[in-house]
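Okay, final_30.pdb now, which holds PDB, C-alpha atoms:
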ATOM      1  CA  MET H   1     126.283 171.220 128.130
ATOM      2  CA  ARG H   2     129.611 169.629 127.390
ATOM      3  CA  ASN H   3     128.380 166.307 128.777
ATOM      4  CA  ASN H   4     125.369 166.417 126.478
ATOM      5  CA  PHE H   5     127.613 167.088 123.502
ATOM      6  CA  LEU H   6     129.836 164.136 124.395
ATOM      7  CA  LEU H   7     126.777 161.945 124.793
ATOM      8  CA  ILE H   8     125.543 162.933 121.343
ATOM      9  CA  ILE H   9     128.954 162.216 119.851
ATOM     10  CA  ALA H  10     129.025 158.816 121.545
ATOM     11  CA  VAL H  11     125.552 157.948 120.270
ATOM     12  CA  VAL H  12     126.477 159.012 116.749
ATOM     13  CA  ALA H  13     129.671 157.008 116.937
ATOM     14  CA  VAL H  14     127.761 153.923 118.048
ATOM     15  CA  ILE H  15     125.280 154.368 115.206
ATOM     16  CA  VAL H  16     128.071 154.819 112.663
ATOM     17  CA  VAL H  17     129.947 151.772 113.936
ATOM     18  CA  TYR H  18     126.778 149.684 114.024
ATOM     19  CA  SER H  19     125.819 150.684 110.470
ATOM     20  CA  SER H  20     129.364 149.884 109.310
ATOM     21  CA  MET H  21     129.239 146.301 110.572
ATOM     22  CA  TYR H  22     127.418 143.333 109.128
ATOM     23  CA  ARG H  23     127.533 139.584 109.775
ATOM     24  CA  VAL H  24     127.648 136.880 107.141
ATOM     25  CA  ARG H  25     126.167 133.539 108.223
ATOM     26  CA  GLU H  26     127.600 130.168 107.213
ATOM     27  CA  GLU H  27     124.817 129.499 104.716
ATOM     28  CA  HIS H  28     124.986 132.961 103.092
ATOM     29  CA  GLN H  29     127.181 135.002 100.792
ATOM     30  CA  ALA H  30     126.978 138.770 100.483
ATOM     31  CA  LEU H  31     127.293 141.638  98.004
ATOM     32  CA  ILE H  32     127.931 145.297  98.881
ATOM     33  CA  VAL H  33     125.657 147.682  96.987
ATOM     34  CA  GLN H  34     126.186 151.425  96.792
ATOM     35  CA  PHE H  35     123.447 153.556  95.217
ATOM     36  CA  GLY H  36     122.084 150.457  93.466
ATOM     37  CA  ARG H  37     125.473 149.443  92.022
ATOM     38  CA  ILE H  38     127.473 146.441  93.213
ATOM     39  CA  VAL H  39     130.804 147.668  94.517
ATOM     40  CA  SER H  40     132.126 144.639  96.409
ATOM     41  CA  GLY H  41     131.678 140.915  96.674
ATOM     42  CA  PRO H  42     130.918 138.179  96.724
ATOM     43  CA  ILE H  43     131.821 137.825 100.371
ATOM     44  CA  THR H  44     131.623 134.138 101.217
ATOM     45  CA  GLU H  45     133.559 133.976 104.492
ATOM     46  CA  SER H  46     131.318 133.904 107.537
ATOM     47  CA  GLY H  47     131.756 136.348 110.408
ATOM     48  CA  LEU H  48     131.790 140.140 110.935
ATOM     49  CA  HIS H  49     132.654 142.442 108.039
ATOM     50  CA  TRP H  50     132.768 146.193 107.419
ATOM     51  CA  LYS H  51     131.151 148.544 104.927
ATOM     52  CA  LEU H  52     130.682 152.285 104.517
ATOM     53  CA  PRO H  53     127.888 153.395 106.773
ATOM     54  CA  PHE H  54     124.606 154.734 105.423
ATOM     55  CA  ILE H  55     125.589 154.799 101.722
ATOM     56  CA  GLN H  56     126.314 151.081 101.321
ATOM     57  CA  ASP H  57     123.895 148.222 101.724
ATOM     58  CA  VAL H  58     124.342 144.453 102.021
ATOM     59  CA  ARG H  59     122.435 141.822 100.035
ATOM     60  CA  PHE H  60     122.575 138.237 101.171
ATOM     61  CA  TYR H  61     122.259 135.208  98.928
ATOM     62  CA  GLU H  62     122.139 131.476  99.641
ATOM     63  CA  LYS H  63     125.264 129.328  99.410
ATOM     64  CA  ARG H  64     123.291 126.129 100.022
ATOM     65  CA  LEU H  65     121.731 123.899  97.382
ATOM     66  CA  LEU H  66     118.258 125.028  96.413
ATOM     67  CA  THR H  67     115.393 122.966  95.037
ATOM     68  CA  TRP H  68     113.293 123.575  91.964
ATOM     69  CA  ASP H  69     110.031 121.651  91.465
ATOM     70  CA  GLY H  70     108.391 121.886  88.073
ATOM     71  CA  ASP H  71     104.701 121.471  87.444
ATOM     72  CA  PRO H  72     103.653 118.238  85.678
ATOM     73  CA  GLU H  73     103.200 118.988  82.003
ATOM     74  CA  GLN H  74     101.944 117.036  79.030
ATOM     75  CA  VAL H  75     104.642 115.912  76.602
ATOM     76  CA  PRO H  76     104.261 113.809  73.419
ATOM     77  CA  THR H  77     106.990 111.189  72.963
ATOM     78  CA  LYS H  78     108.588 110.176  69.687
ATOM     79  CA  ASP H  79     106.328 107.108  69.470
ATOM     80  CA  LYS H  80     103.215 109.295  69.897
ATOM     81  CA  LYS H  81     102.509 108.542  73.560
ATOM     82  CA  TYR H  82     101.123 111.473  75.541
ATOM     83  CA  ILE H  83     102.530 111.516  79.052
ATOM     84  CA  LEU H  84     102.685 113.783  82.095
ATOM     85  CA  VAL H  85     106.258 114.505  83.162
ATOM     86  CA  ASP H  86     107.007 115.760  86.687
ATOM     87  CA  THR H  87     110.562 117.122  86.992
ATOM     88  CA  THR H  88     112.651 118.284  89.928
ATOM     89  CA  ALA H  89     116.130 119.833  90.088
ATOM     90  CA  ARG H  90     118.779 121.105  92.498
ATOM     91  CA  TRP H  91     120.759 124.269  91.864
ATOM     92  CA  LYS H  92     122.928 126.856  93.552
ATOM     93  CA  ILE H  93     124.098 130.428  93.042
ATOM     94  CA  SER H  94     127.552 130.179  91.440
ATOM     95  CA  ASP H  95     128.049 133.848  90.547
ATOM     96  CA  PRO H  96     126.187 136.188  92.946
ATOM     97  CA  VAL H  97     127.084 139.275  90.870
ATOM     98  CA  LYS H  98     125.468 137.955  87.673
ATOM     99  CA  TYR H  99     122.639 136.524  89.738
ATOM    100  CA  ALA H 100     121.907 139.884  91.378
ATOM    101  CA  GLN H 101     122.154 141.785  88.086
ATOM    102  CA  VAL H 102     119.947 139.477  86.000
ATOM    103  CA  VAL H 103     117.490 137.514  88.142
ATOM    104  CA  ILE H 104     117.646 139.746  91.260
ATOM    105  CA  ASN H 105     116.100 137.260  93.712
ATOM    106  CA  GLU H 106     115.046 133.653  94.179
ATOM    107  CA  GLN H 107     111.630 134.176  92.641
ATOM    108  CA  GLY H 108     113.282 135.475  89.468
ATOM    109  CA  ALA H 109     115.590 132.452  89.478
ATOM    110  CA  GLN H 110     112.619 130.086  89.787
ATOM    111  CA  ASN H 111     111.018 131.750  86.761
ATOM    112  CA  LYS H 112     114.203 131.302  84.722
ATOM    113  CA  LEU H 113     114.438 127.673  85.780
ATOM    114  CA  ASN H 114     110.789 127.103  84.853
ATOM    115  CA  GLY H 115     111.300 128.340  81.317
ATOM    116  CA  ILE H 116     114.655 126.706  80.628
ATOM    117  CA  ILE H 117     114.316 123.291  82.310
ATOM    118  CA  ASP H 118     110.714 122.758  81.234
ATOM    119  CA  GLY H 119     111.524 123.625  77.633
ATOM    120  CA  ILE H 120     114.628 121.425  77.448
ATOM    121  CA  THR H 121     112.857 118.548  79.194
ATOM    122  CA  ARG H 122     109.949 118.710  76.766
ATOM    123  CA  ASP H 123     112.285 118.858  73.759
ATOM    124  CA  THR H 124     114.484 115.987  74.993
ATOM    125  CA  ILE H 125     111.662 113.594  75.850
ATOM    126  CA  SER H 126     109.725 114.318  72.656
ATOM    127  CA  ASN H 127     112.795 113.236  70.633
ATOM    128  CA  HIS H 128     112.883 109.768  72.266
ATOM    129  CA  ASN H 129     110.479 106.862  72.672
ATOM    130  CA  LEU H 130     108.540 106.420  75.911
ATOM    131  CA  VAL H 131     110.615 103.420  77.018
ATOM    132  CA  GLU H 132     113.740 105.593  77.090
ATOM    133  CA  SER H 133     112.149 107.725  79.821
ATOM    134  CA  VAL H 134     111.112 104.700  81.891
ATOM    135  CA  ARG H 135     114.091 102.300  82.022
ATOM    136  CA  ASN H 136     117.796 102.846  82.608
ATOM    137  CA  ASP H 137     119.198  99.671  81.021
ATOM    138  CA  ASN H 138     118.369  96.414  79.251
ATOM    139  CA  GLN H 139     118.926  94.217  82.304
ATOM    140  CA  ILE H 140     115.392  92.828  82.161
ATOM    141  CA  LEU H 141     116.032  91.576  78.618
ATOM    142  CA  THR H 142     119.344  90.004  79.640
ATOM    143  CA  GLN H 143     117.769  88.226  82.625
ATOM    144  CA  ARG H 144     114.935  86.961  80.469
ATOM    145  CA  GLN H 145     117.309  85.578  77.838
ATOM    146  CA  GLU H 146     119.412  83.864  80.514
ATOM    147  CA  ALA H 147     116.288  82.313  82.080
ATOM    148  CA  GLU H 148     115.113  81.024  78.697
ATOM    149  CA  ALA H 149     118.547  79.525  78.017
ATOM    150  CA  ARG H 150     118.572  77.739  81.382
ATOM    151  CA  GLN H 151     115.056  76.412  80.834
ATOM    152  CA  ALA H 152     115.865  75.167  77.332
ATOM    153  CA  GLN H 153     118.951  73.384  78.638
ATOM    154  CA  ALA H 154     117.294  71.814  81.677
ATOM    155  CA  ASP H 155     114.001  70.674  80.149
ATOM    156  CA  ALA H 156     114.139  67.403  78.207
ATOM    157  CA  ASP H 157     110.620  67.688  76.737
ATOM    158  CA  ARG H 158     111.103  70.103  73.864
ATOM    159  CA  ASP H 159     107.389  70.341  72.994
ATOM    160  CA  ALA H 160     106.428  71.246  76.532
ATOM    161  CA  THR H 161     109.326  73.706  76.739
ATOM    162  CA  ASP H 162     108.273  75.442  73.563
ATOM    163  CA  ALA H 163     104.688  75.715  74.769
ATOM    164  CA  VAL H 164     105.699  77.189  78.131
ATOM    165  CA  SER H 165     108.192  79.544  76.470
ATOM    166  CA  ASP H 166     105.511  80.809  74.105
ATOM    167  CA  ILE H 167     103.179  81.488  77.023
ATOM    168  CA  GLU H 168     105.866  83.302  78.995
ATOM    169  CA  GLU H 169     106.697  85.349  75.909
ATOM    170  CA  GLU H 170     103.097  86.490  75.664
ATOM    171  CA  ILE H 171     102.750  87.125  79.390
ATOM    172  CA  MET H 172     105.879  89.268  79.424
ATOM    173  CA  GLY H 173     104.914  90.890  76.174
ATOM    174  CA  GLU H 174     107.342  92.401  73.716
ATOM    175  CA  ILE H 175     110.018  94.268  75.656
ATOM    176  CA  GLU H 176     111.653  97.024  73.683
ATOM    177  CA  ALA H 177     115.403  97.521  74.039
ATOM    178  CA  ILE H 178     116.608 100.985  75.005
ATOM    179  CA  GLU H 179     119.512 102.940  73.576
ATOM    180  CA  VAL H 180     119.660 105.947  75.928
ATOM    181  CA  GLY H 181     117.721 105.356  79.144
ATOM    182  CA  ARG H 182     116.242 107.536  81.843
ATOM    183  CA  GLU H 183     119.517 108.523  83.548
ATOM    184  CA  GLU H 184     121.122 109.465  80.252
ATOM    185  CA  LEU H 185     118.104 111.617  79.375
ATOM    186  CA  SER H 186     118.555 113.402  82.704
ATOM    187  CA  GLN H 187     122.214 114.004  81.853
ATOM    188  CA  ILE H 188     121.253 115.416  78.459
ATOM    189  CA  ILE H 189     118.800 117.790  80.118
ATOM    190  CA  ILE H 190     121.401 118.813  82.708
ATOM    191  CA  GLY H 191     124.075 119.465  80.082
ATOM    192  CA  ARG H 192     121.871 121.679  77.937
ATOM    193  CA  ALA H 193     120.224 123.535  80.816
ATOM    194  CA  ARG H 194     123.512 124.095  82.642
ATOM    195  CA  GLU H 195     124.961 126.030  79.718
ATOM    196  CA  GLU H 196     121.915 128.271  79.423
ATOM    197  CA  LEU H 197     121.798 128.990  83.166
ATOM    198  CA  LYS H 198     125.439 130.032  83.446
ATOM    199  CA  VAL H 199     124.645 133.529  82.140
ATOM    200  CA  PHE H 200     122.341 134.003  85.138
ATOM    201  CA  GLY H 201     124.979 133.018  87.694
ATOM    202  CA  ILE H 202     123.170 129.739  88.384
ATOM    203  CA  GLU H 203     124.843 126.326  88.493
ATOM    204  CA  LEU H 204     122.537 123.399  87.856
ATOM    205  CA  ILE H 205     123.507 120.393  89.998
ATOM    206  CA  ASP H 206     121.111 117.720  88.757
ATOM    207  CA  VAL H 207     117.710 117.116  87.178
ATOM    208  CA  GLN H 208     115.502 114.108  87.897
ATOM    209  CA  LEU H 209     112.383 112.865  86.125
ATOM    210  CA  ARG H 210     110.407 112.368  89.313
ATOM    211  CA  SER H 211     107.383 110.695  87.744
ATOM    212  CA  ILE H 212     106.040 109.812  84.300
ATOM    213  CA  THR H 213     102.372 108.922  83.810
ATOM    214  CA  TYR H 214      99.904 108.756  80.974
ATOM    215  CA  VAL H 215      97.414 111.584  80.617
ATOM    216  CA  ASP H 216      93.907 110.654  81.800
ATOM    217  CA  SER H 217      92.466 110.320  78.300
ATOM    218  CA  VAL H 218      95.188 107.877  77.277
ATOM    219  CA  GLN H 219      95.388 106.097  80.627
ATOM    220  CA  GLN H 220      91.904 104.602  80.402
ATOM    221  CA  LYS H 221      92.578 103.310  76.892
ATOM    222  CA  VAL H 222      95.846 101.772  78.054
ATOM    223  CA  TYR H 223      94.101 100.067  80.979
ATOM    224  CA  GLN H 224      91.416  98.639  78.718
ATOM    225  CA  ARG H 225      94.000  97.372  76.249
ATOM    226  CA  MET H 226      95.981  95.798  79.076
ATOM    227  CA  ILE H 227      92.847  94.104  80.434
ATOM    228  CA  SER H 228      91.875  92.678  77.044
ATOM    229  CA  GLU H 229      95.452  91.517  76.426
ATOM    230  CA  ARG H 230      95.624  89.794  79.831
ATOM    231  CA  LYS H 231      92.291  88.067  79.141
ATOM    232  CA  ARG H 232      93.526  86.811  75.787
ATOM    233  CA  ILE H 233      96.706  85.472  77.357
ATOM    234  CA  ALA H 234      94.675  83.854  80.162
ATOM    235  CA  GLU H 235      92.520  82.055  77.596
ATOM    236  CA  LYS H 236      95.599  80.786  75.813
ATOM    237  CA  ILE H 237      97.070  79.579  79.095
ATOM    238  CA  ARG H 238      93.829  77.745  79.866
ATOM    239  CA  SER H 239      93.851  76.196  76.390
ATOM    240  CA  VAL H 240      97.449  75.043  76.742
ATOM    241  CA  GLY H 241      96.632  73.761  80.236
ATOM    242  CA  LYS H 242      93.738  71.704  78.892
ATOM    243  CA  GLY H 243      95.987  70.294  76.179
ATOM    244  CA  GLU H 244      98.654  69.369  78.713
ATOM    245  CA  GLY H 245      95.943  67.836  80.921
ATOM    246  CA  ALA H 246      94.742  65.704  78.008
ATOM    247  CA  LYS H 247      98.327  64.593  77.367
ATOM    248  CA  ILE H 248      98.734  63.628  81.013
ATOM    249  CA  SER H 249      95.392  61.760  81.044
ATOM    250  CA  GLY H 250      96.348  59.887  77.883
ATOM    251  CA  LYS H 251      99.700  58.930  79.340
ATOM    252  CA  ILE H 252      97.999  57.778  82.561
ATOM    253  CA  ASN H 253      95.506  55.617  80.600
ATOM    254  CA  LYS H 254      98.325  54.168  78.533
ATOM    255  CA  ASP H 255     100.332  53.325  81.629
ATOM    256  CA  LEU H 256      97.207  51.858  83.238
ATOM    257  CA  LYS H 257      96.550  49.615  80.219
ATOM    258  CA  THR H 258     100.173  48.499  80.280
ATOM    259  CA  ILE H 259      99.965  47.687  83.967
ATOM    260  CA  GLU H 260      96.674  45.802  83.541
ATOM    261  CA  SER H 261      97.927  43.768  80.585
ATOM    262  CA  ASP H 262     101.124  42.943  82.429
ATOM    263  CA  ALA H 263      99.117  41.880  85.497
ATOM    264  CA  LEU H 264      96.804  39.732  83.359
ATOM    265  CA  ARG H 265      99.780  38.077  81.670
ATOM    266  CA  ARG H 266     101.396  37.347  85.017
ATOM    267  CA  SER H 267      98.112  35.994  86.464
ATOM    268  CA  GLU H 268      97.652  33.660  83.465
ATOM    269  CA  ILE H 269     101.201  32.439  83.897
ATOM    270  CA  ILE H 270     100.531  31.767  87.594
ATOM    271  CA  LYS H 271      97.276  29.967  86.762
ATOM    272  CA  GLY H 272      98.996  27.842  84.135
ATOM    273  CA  GLU H 273     101.765  26.944  86.560
ATOM    274  CA  ALA H 274      99.157  26.078  89.222
ATOM    275  CA  ASP H 275      97.162  23.929  86.787
ATOM    276  CA  ALA H 276     100.317  22.167  85.697
ATOM    277  CA  GLU H 277     101.250  21.524  89.308
ATOM    278  CA  ALA H 278      97.736  20.228  90.089
ATOM    279  CA  ILE H 279      97.820  17.892  87.071
ATOM    280  CA  ALA H 280     101.193  16.660  88.146
ATOM    281  CA  ILE H 281      99.859  15.942  91.641
ATOM    282  CA  TYR H 282      96.805  14.134  90.194
ATOM    283  CA  ALA H 283      99.021  12.071  87.922
ATOM    284  CA  ALA H 284     101.333  11.161  90.761
ATOM    285  CA  GLN H 285      98.433  10.069  92.934
ATOM    286  CA  LEU H 286      96.907   8.097  90.065
ATOM    287  CA  ARG H 287     100.096   6.172  89.625
ATOM    288  CA  ARG H 288     100.270   5.399  93.320
ATOM    289  CA  ASP H 289      96.638   4.031  93.730
ATOM    290  CA  PRO H 290      94.582   3.822  90.502
ATOM    291  CA  GLU H 291      91.614   2.150  92.174
ATOM    292  CA  PHE H 292      91.294   4.841  94.832
ATOM    293  CA  PHE H 293      91.545   7.520  92.203
ATOM    294  CA  GLU H 294      88.815   5.863  90.124
ATOM    295  CA  PHE H 295      86.670   5.631  93.217
ATOM    296  CA  TYR H 296      87.282   9.314  94.049
ATOM    297  CA  ARG H 297      86.436  10.441  90.544
ATOM    298  CA  THR H 298      83.254   8.343  90.645
ATOM    299  CA  LEU H 299      82.141  10.066  93.815
ATOM    300  CA  GLU H 300      82.812  13.431  92.207
ATOM    301  CA  ALA H 301      80.726  12.388  89.204
ATOM    302  CA  TYR H 302      77.861  11.367  91.479
ATOM    303  CA  ARG H 303      78.017  14.644  93.382
ATOM    304  CA  ASN H 304      78.008  16.714  90.229
ATOM    305  CA  THR H 305      75.260  14.813  88.388
ATOM    306  CA  LEU H 306      72.865  13.419  90.957
ATOM    307  CA  THR H 307      70.803  16.332  92.181
ATOM    308  CA  SER H 308      67.110  16.718  92.896
ATOM    309  CA  ARG H 309      66.593  18.672  89.682
ATOM    310  CA  VAL H 310      68.212  16.187  87.325
ATOM    311  CA  ASN H 311      66.283  13.547  85.399
ATOM    312  CA  MET H 312      68.453  10.952  83.682
ATOM    313  CA  LEU H 313      67.563   8.458  80.961
ATOM    314  CA  MET H 314      70.046   5.548  80.757
ATOM    315  CA  SER H 315      70.127   2.206  78.918
ATOM    316  CA  SER H 316      70.187  -1.044  80.833
ATOM    317  CA  ASP H 317      73.768  -1.801  79.808
ATOM    318  CA  SER H 318      75.091   1.611  80.900
ATOM    319  CA  LYS H 319      78.170   1.297  83.020
ATOM    320  CA  TYR H 320      77.092   4.341  84.979
ATOM    321  CA  LEU H 321      73.738   2.637  85.811
ATOM    322  CA  HIS H 322      75.606  -0.526  86.738
ATOM    323  CA  LEU H 323      77.687   1.435  89.276
ATOM    324  CA  LEU H 324      74.584   2.997  90.722
ATOM    325  CA  ASN H 325      72.907  -0.372  91.121
ATOM    326  CA  LYS H 326      76.030  -1.817  92.657
ATOM    327  CA  GLY H 327      76.186   0.984  95.124
ATOM    328  CA  ALA H 328      72.488   0.587  96.046
ATOM    329  CA  SER H 329      72.912  -3.166  96.610
ATOM    330  CA  ALA H 330      75.921  -2.575  98.831
ATOM    331  CA  ALA H 331      73.935  -0.087 100.873
ATOM    332  CA  LYS H 332      71.219  -2.675 101.574
TER     333      LYS H 332
END

Could you write out this file's structure as structure tokens?
Amino acid sequence: MRNNFLLIIAVVAVIVVYSSMYRVREEHQALIVQFGRIVSGPITESGLHWKLPFIQDVRFYEKRLLTWDGDPEQVPTKDKKYILVDTTARWKISDPVKYAQVVINEQGAQNKLNGIIDGITRDTISNHNLVESVRNDNQILTQRQEAEARQAQADADRDATDAVSDIEEEIMGEIEAIEVGREELSQIIIGRAREELKVFGIELIDVQLRSITYVDSVQQKVYQRMISERKRIAEKIRSVGKGEGAKISGKINKDLKTIESDALRRSEIIKGEADAEAIAIYAAQLRRDPEFFEFYRTLEAYRNTLTSRVNMLMSSDSKYLHLLNKGASAAK
């Protein structure tokens, strides 16, 4: 009987000791609750800890960063563009006592985050133009201005430069400068939401605008406007290209005429020099043997005039007829 009693006492002691111990993991923090009221905590150190058995309970909460993902919602911007904004955030439990008293659990915290972050995000974006939610800085404008300056300095043909610059301006379109930017908008949202979430024991780490898109009804109109704008720019590029092609063709024809006239001038000079040289040779030969030259010229005259298709009428005292007769007599 005594052994049974000791066994019961041992079992009860084990149960009491077991119910008095609890373990806190590295990723958790704990609160001690007695009859629904928080009596101790937060306990953030990992390891074994003690509590009153049976009447006290332990509630564990995350110490790690937690993620909040909002649902994409439609937001009108300051410049009347309707967009879908998808937002995400990271947060953690900074005050487990307030957290347990107000939001109770993670589901309650998600509901609070939904209402606060969504509302502040909608209010912040609707007070700025669309471009502020898309870009972070004006680097694209700076690069474009630097490229235009380099092109203007390097290109000697000002007309061609202006034409190309105009085309590039239209292709790029009008780029609006930003004053705030996407990152700064995120910081504004974080600053406002962080203050409102403090009362719930929640610390907001960061908020990111994960994606921004047009709503379907606006998206199709934007696509059609972009297509028509690209077509108009393409037609202008073709027109400028045809104009530049005509300029190039005209320059080629002008250069060709210049080359041809220069070649003709040089060929006439060469011909004149050749004729002068030939005359000089003839004159020199004439001075050396006038009779032979006269004879040679006579033979040339015969060859050029006496053909089977030529009928000649000459007087009896013609010197030319006399030469012919003389030649015929010599042949006999």

Atomic separation - CA of Ala89 (chain H) relative to CA of Ile189 (chain H), Å: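 Separating CA of Ile189 (chain H) from CA of Ala89 (chain H) is a distance of 10.5 Å.
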
From H:Ile212, H:Leu130, H:Ile125, H:Ala234, residue lying nearest Ser186 (chain H) [all atoms listed in the file]: H:Ile125

Two-atom distance - CA of Asn114 (chain H), CA of Gln219 (chain H) (Å):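 Separating CA of Asn114 (chain H) from CA of Gln219 (chain H) is a distance of 26.4 Å.
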
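When the distance limit is 9 Å and only C-alpha atoms are what count, the residues near Glu132 (chain H), minus those fewer than 6 positions from it on the same chain, are Ile125, Ala177, Ile178, Glu179, Val180, Gly181, Arg182, Glu184 and Leu185 of chain H.
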
Decode the PyMOL selection byres ((chain H and resi 91) around 12) for the given file into explicit residues and return them as a VMD selection string. chain H and resid 62 to 69 88 to 90 92 to 94 106 109 to 110 112 to 113 117 190 193 to 194 197 to 198 200 to 207

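The gap separating CA of Leu84 (chain H) from CA of Lys231 (chain H) is 27.9 Å, in Å to one decimal.
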
I'd like the residues picked by the PyMOL selection byres ((chain H and resi 44) around 8) written out as number ranges by chain, using the chain letters and numbers from the file. H: 24, 28-30, 42-43, 45-46

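Restricting the calculation to all atoms listed in the file, the smallest distance between His128 (chain H) and any of H:Thr87, H:Gln153, H:Ile233, H:Lys81 is found for H:Lys81.
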
Could you expand the PyMOL selection byres ((chain H and resi 140) around 12) into the explicit residues it covers here, written as number ranges by chain? H: 135-139, 141-147, 172, 174-178

Keeping C-alpha atoms, export the residues of the selection given above as an mmCIF file, in the frame of the given file.
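And here's part-v3.cif as it stands now:
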data_model
loop_
_atom_site.group_PDB
_atom_site.id
_atom_site.type_symbol
_atom_site.label_atom_id
_atom_site.label_comp_id
_atom_site.auth_asym_id
_atom_site.auth_seq_id
_atom_site.Cartn_x
_atom_site.Cartn_y
_atom_site.Cartn_z
ATOM 1 C CA ARG H 135 114.091 102.300 82.022
ATOM 2 C CA ASN H 136 117.796 102.846 82.608
ATOM 3 C CA ASP H 137 119.198 99.671 81.021
ATOM 4 C CA ASN H 138 118.369 96.414 79.251
ATOM 5 C CA GLN H 139 118.926 94.217 82.304
ATOM 6 C CA LEU H 141 116.032 91.576 78.618
ATOM 7 C CA THR H 142 119.344 90.004 79.640
ATOM 8 C CA GLN H 143 117.769 88.226 82.625
ATOM 9 C CA ARG H 144 114.935 86.961 80.469
ATOM 10 C CA GLN H 145 117.309 85.578 77.838
ATOM 11 C CA GLU H 146 119.412 83.864 80.514
ATOM 12 C CA ALA H 147 116.288 82.313 82.080
ATOM 13 C CA MET H 172 105.879 89.268 79.424
ATOM 14 C CA GLU H 174 107.342 92.401 73.716
ATOM 15 C CA ILE H 175 110.018 94.268 75.656
ATOM 16 C CA GLU H 176 111.653 97.024 73.683
ATOM 17 C CA ALA H 177 115.403 97.521 74.039
ATOM 18 C CA ILE H 178 116.608 100.985 75.005
#

Which neighbours of Val215 (chain H) fall inside 8 Å, counting all atoms listed in the file, when residues of the same chain fewer than 2 positions from it are skipped, and could you give them as number ranges by chain? H: 74, 82-84, 213, 217-219

Please determine, counting all atoms listed in the file, which residue among H:Tyr18, H:Ser249, H:Ser228, H:Ser318 has the shortest atom-to-atom distance to Phe54 (chain H).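 Under the stated criterion, the closest residue is H:Tyr18.
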
Residues of region 99-130 of chain H that have any atom at most 12 Å from an atom of region 32-38 of chain H: could you tabulate them with the shortest-distance atom pair and the distance in Å to one decimal, using only C-alpha atoms, ordered by chain and increasing number, as a tab-separated table?
residue	atom	partner	partner_atom	distance
H:Tyr99	CA	H:Ile38	CA	11.6
H:Ala100	CA	H:Ile38	CA	8.8
H:Gln101	CA	H:Ile38	CA	8.7
H:Ile104	CA	H:Gly36	CA	11.8
